Every structure is written in structure tokens, then in C-alpha cells.
Amino acid sequence: MFTQRSRMRRVAATAGTLMLALTGVLGVGTAASAATVGPDQPDAPSNGTLTINLYEGETGQNAGDLAGNGGLSGIEFTVQQVGVKSGSTCTPIDLKDASQWEGLDALFATAPAAPADPYCATTVDVDVTKSGTVEFNLPVGVYFVQETGHGDNNVVSEVPNFYVSIPTSDGTSGAGWNYNVVANPKNQLMGEPTKVISDRPADLTIGSTVGFIITIPVPTLNNNETFTEAVVNDKLDGRLSLVAGSSTIKVGGTTLVEGTHYTVASDASWTLNEAGRKVLDANMGGTMTLTFDTTVLSVGDGAVPNTDYSTTFNGTKVPGSSDTYSYWGQLGINKTDDSDTPNPLEGAEFQVFELTADTCPATVPATGAVATGTSNASGDVIWNESGSALQGLWVSNVNGGPAADTQTKDYCVYETVVPAGHTAVAVDNPVTITAGEDNANVFTVVNAKTEGPNLPLTGAQGTLLMTVGGILLVVLGGGGMVIARRNNN
């Protein structure tokens, strides 16, 4: 009997040592109170408990260093009792029998693998953590514990499967047997990616580019795991098109190379290959940044969102947590003369400049035109930048949008070429552009005809005066004849 008990204690000590070796990830501990007698001793408890306090792991954090780290609720654990196969029956291991401790050290060493022949397992309980804790009431025996559900948590690296015996000995002299085992494992969660518009478009017109920066927390993985999948997806609005070759990915201090570390799909999807994932492996807990440019294709309702994006690591997908909006409006000009029935004027040129001060300059700036257009035979100004009578112009960028109010921006417009025979007129600056096609600022610029010079009397005005004078002479002559006849009579 002494030999059997010594062997039981030695095997139990081996199991306890294994459990402690796993605490770098699992943080398995013991309750403050423990029974002192082994499972085969008189008055030994027939039941015990397994309490799991589940935490979110942090980079470089030891299992016992959990201060300030909240528990994770809604994580499901399944506990199976380990037995030995006997035909179609799975007979639970009886820890009151010293002979059945033989081989348990080898079984425990197979973790996180499930029990294999000659062992088997039968589910005894399934529960989820509440306020980060779950407790299982279990008969004395050997158990295989698995994390089987994540709830609403973005778990990228879960608690590895582990074995536990009720009771457990840590092998320390005088420590006794513990029937109330406590495990403090850590799950690794994925942080949410965030996005901002990197800068305003350089050209301020539809067809120019808008840049974005996505910041992605690189998760930490448990159990010496490595990254097997790393993908960033950005489902672009139909008014945005990814600019080929504009992508840059940085992980820590390393700049990844397209084609060497990752590939880019035309639908704005970036996939890291094995070389890229190895860089992630070396930077767990760090940050990955992705920058890229898009071309703005049209105005539409004026609000161009970029809100549907996500990251996927090792099968766990997490959507972005911040949205961006780029706002755009339209400008249109029609050109006529000052006739009672206005005639369209062809050949008038207009230039648009960004308002950078309180007021627009009195004269046309020498450089910096945003858009240039020329009126056609219908008097409509056709813009070089868009090829149409409506020029799309940038209004604003909003990170964390959408904007709470209507977005507007002021521009300065000048007539730089006047049709022949007409006089230039100053545009009523500044011109306000409001976001959205329905709010297009379309106005008419009227040029007066240039007055001609004063002509000599032999000209048209002289002829008119001579004609009037002749009529007067005829009238006077007729009057004189009437008076003479009266005198003769």
C-alpha cells in the first residue's frame, strides 16, 4: 500500500508540474483552501470544483499578472470526463484506484489534443462565463476542458485545451491535495481597425485622389501559435476606385513589399502571404498601418463614405470602428450677352481658384487654378477637368463621420477670356459650393456689348438730322404759300 500511494503521489506531482508549466498561457492556480488527504483516503471528498477565471491577455503579460484586466463574459467552456474504453463503454478513470494513475502523465502531456485510444471522453457540463467566471461542480476524476464558444468577443487565440484532475497536487511538500482547482486562462482578442482620410485631394476636383490610412492592432497569439491568415478588406463605395500601386503596409518598423509580402486585389483587399505573416509573428501586440489612394469618380448625393472595412486574422473577422466621409459639390456657368432676348456667347473662359483668405483677390491669381472651362455655342461652360457643364469640386473631409450639418466650401471664380465685342464682368465672389448634385451652384454671367464710336454727320446720325431739317423746310414753305394767297385775295 505504501508503494501504491507513493506512486500515486509521484504521478500526481507530475500532473501538477505539467499544469504549472502551462500557466504561462493558462494561469492555472489553486484555491486558498485545500483538503489534505488523497482521493483513496478515509473521509476524502467525493466531489470538487473547477473554477475558470477568464481574462483578456496582453502582450508580455504573465499569467499571474492580471491586475486591472477585466474578465471576459460569454465565453463557453465544455468539460468532459476522461475514461478508458471498454468496448462501446467509456468508463471514467477512478482516482481512488492507484493503478489507474499509471500513464496519466503521458496523457496530460498530449494536451491540447483530445483523449485518444485507449482513453475516451464523455461530456459532463457546458457553461459560459459570467463576469469572467464559471464554476463546474465535478466528481473526483480526470477532465478534458475545451473553449467551445466565444460569444460576442473577438477572440483570435483562445484558451488551449487542457487536462485537470480533481483533486490536484502541485507536488510541493506539505501542500496537500486540492479539490477546488482554479484556472486563470487568458484569451487573446483582436482590436478593431480604425480609419482616417490621410489628406484632402490635391486637385480638389472629381477625378482626383483621396488617400486613406487604416491602423490595425496586431493581435497576440497564445500557445506559440503563428499567423496562418492575415487579410484587410475595404469594400469601397461605388464612387471610389482603388489606385493601383498606391498601397503601403508597415508592420512595426518594417515596410512590406507588394508581391513579396502581400498581394492586392482590385476590390481593395490586401492578403499577407507567408513572408508577410512572419513579420506579423515578430510583431505581436504591435501595429500594422495600411495607406492607399482612391480616385473619386462622381458626386452623387455629395457624401462619399468609406465605412465597410475589416481585418481577419486566423479566421476571426473584426469590422472597423470609425467611418470616414468625403464631401463633394458641383459648379456650372452659362454665358450670355445683354440683349432683351439673351444670346449665348461662345469662347468665354473661366478659371476657378480655392478661397484661401477671407475674401477673393480682386484680380486673377497668377497660379493655382483648380479648374478651367470655356463656353460652347450654347453658352454652357465646359470644364477641362470633367469634360462636362458641371464641375465636381471638393467640399470637406470628415473622420468619424458622417457630418452633423450641411457641408459647404467657398471658391473664387474669374472670367479670364471675354468674347469679342463684349465687356468683361466681375463674378460675384466668393462662390459657395454645397455638397450634393441636387445643390449644384449653376449661375449665368452676362457680358454687355461694347458701345461703338461717335460717327460724323455724314454718317447715319447726319443723314437723320438732314432728313428732319428737310421736312421742316417743306412745312415752312407750304405755310408761306398759304399766307401769300391770302394776301392776294
# chains A, B, ... in the order shown; residues from 1 in each chain; ligands from 1
$ closest_atom_pairs --of "segment 209-284 of chain A" --to "segment 396-406 of chain A" --cutoff "12 Å" --atoms "only C-alpha atoms" --output "CSV"
residue,atom,partner,partner_atom,distance
A:Val210,CA,A:Asn397,CA,9.4
A:Gly211,CA,A:Asn397,CA,10.8
A:Phe212,CA,A:Asn399,CA,10.4
A:Ile213,CA,A:Asn399,CA,11.0
A:Ile214,CA,A:Asn399,CA,11.9
$ residues_around --residues "segment 350-366 of chain A" --least-positions-apart "5" --cutoff "7 Å" --atoms "only C-alpha atoms" --output "JSON list (two decimals) with C-alpha atoms, in the first residue's frame"
[["chain", "number", "residue", "atom", "x", "y", "z"],
["A", 371, "ALA", "CA", -10.49, 74.15, -62.86],
["A", 372, "THR", "CA", -10.64, 75.87, -66.27],
["A", 373, "GLY", "CA", -13.56, 75.88, -68.70],
["A", 374, "THR", "CA", -14.70, 77.52, -71.97],
["A", 410, "ASP", "CA", -16.13, 78.73, -50.98],
["A", 411, "TYR", "CA", -14.22, 79.16, -54.24],
["A", 412, "CYS", "CA", -13.17, 82.19, -56.33],
["A", 413, "VAL", "CA", -14.31, 82.33, -59.99],
["A", 414, "TYR", "CA", -12.93, 84.66, -62.67],
["A", 415, "GLU", "CA", -13.74, 85.30, -66.34],
["A", 416, "THR", "CA", -10.31, 85.20, -67.91],
["A", 429, "ASN", "CA", -17.27, 86.12, -55.45],
["A", 430, "PRO", "CA", -16.89, 84.04, -53.42]]
$ residues_around --residues "Thr289 of chain A" --least-positions-apart "6" --cutoff "10 Å" --atoms "only C-alpha atoms" --output "list in words"
Pro193, Thr194, Lys195, Ile213, Ile214, Thr215, Ile216, Pro217, Val218, Thr248, Ile249, Lys250, Val251, Gly252 and Thr255 of chain A
$ closest_residue --among "A:Val299, A:Ala268, A:Ile52, A:Ala202" --to "Ala440 of chain A" --atoms "only C-alpha atoms"
A:Val299
$ residues_around --residues "Lys409 of chain A" --least-positions-apart "4" --cutoff "8 Å" --atoms "only C-alpha atoms" --output "list in words"
Trp394, Val395, Ser396, Thr432, Ile433 and Thr434 of chain A
$ atom_distance --atom1 "atom CA of Thr271 of chain A" --atom2 "atom CA of Asn154 of chain A"
19.9 Å
$ residues_around --residues "Leu54 of chain A" --least-positions-apart "5" --cutoff "10 Å" --atoms "only C-alpha atoms" --output "list in words"
Leu26, Gly27, Asn69, Gly70, Gly71, Leu72, Ser73, Ile75, Thr129, Lys130, Ser131, Gly132, Thr133, Val134, Val159, Ala183, Asn184, Pro185, Lys186 and Asn187 of chain A
$ closest_residue --among "A:Ser322, A:Ser310, A:Thr263, A:Thr316" --to "Pro219 of chain A" --atoms "only C-alpha atoms"
A:Thr316
$ select_by_dssp --residues "segment 323-400 of chain A" --states "strand (DSSP E or B)" --output "ChimeraX atom specification"
/A:324-337,344,349-354,371-375,380-383,391-399
$ atom_distance --atom1 "atom CA of Ala230 of chain A" --atom2 "atom CA of Asp199 of chain A"
26.7 Å
$ closest_residue --among "A:Pro201, A:Pro115, A:Gly57, A:Pro342" --to "Val156 of chain A" --atoms "only C-alpha atoms"
A:Gly57
$ atom_distance --atom1 "atom CA of Thr444 of chain A" --atom2 "atom CA of Gly347 of chain A"
14.7 Å
$ residues_around --residues "Gly421 of chain A" --least-positions-apart "2" --cutoff "9 Å" --atoms "only C-alpha atoms" --output "number ranges by chain"
A: 418-419, 423, 448-451
$ closest_residue --among "A:Leu240, A:Cys90, A:Ala348, A:Val124" --to "Gly207 of chain A" --atoms "only C-alpha atoms"
A:Leu240
$ residues_around --residues "Ser375 of chain A" --least-positions-apart "5" --cutoff "9 Å" --atoms "only C-alpha atoms" --output "NGL selection string"
:A and (333-335 or 344-350 or 380-383 or 389)
$ closest_residue --among "A:Leu280, A:Leu221, A:Ala435, A:Val84" --to "Met190 of chain A" --atoms "only C-alpha atoms"
A:Leu221
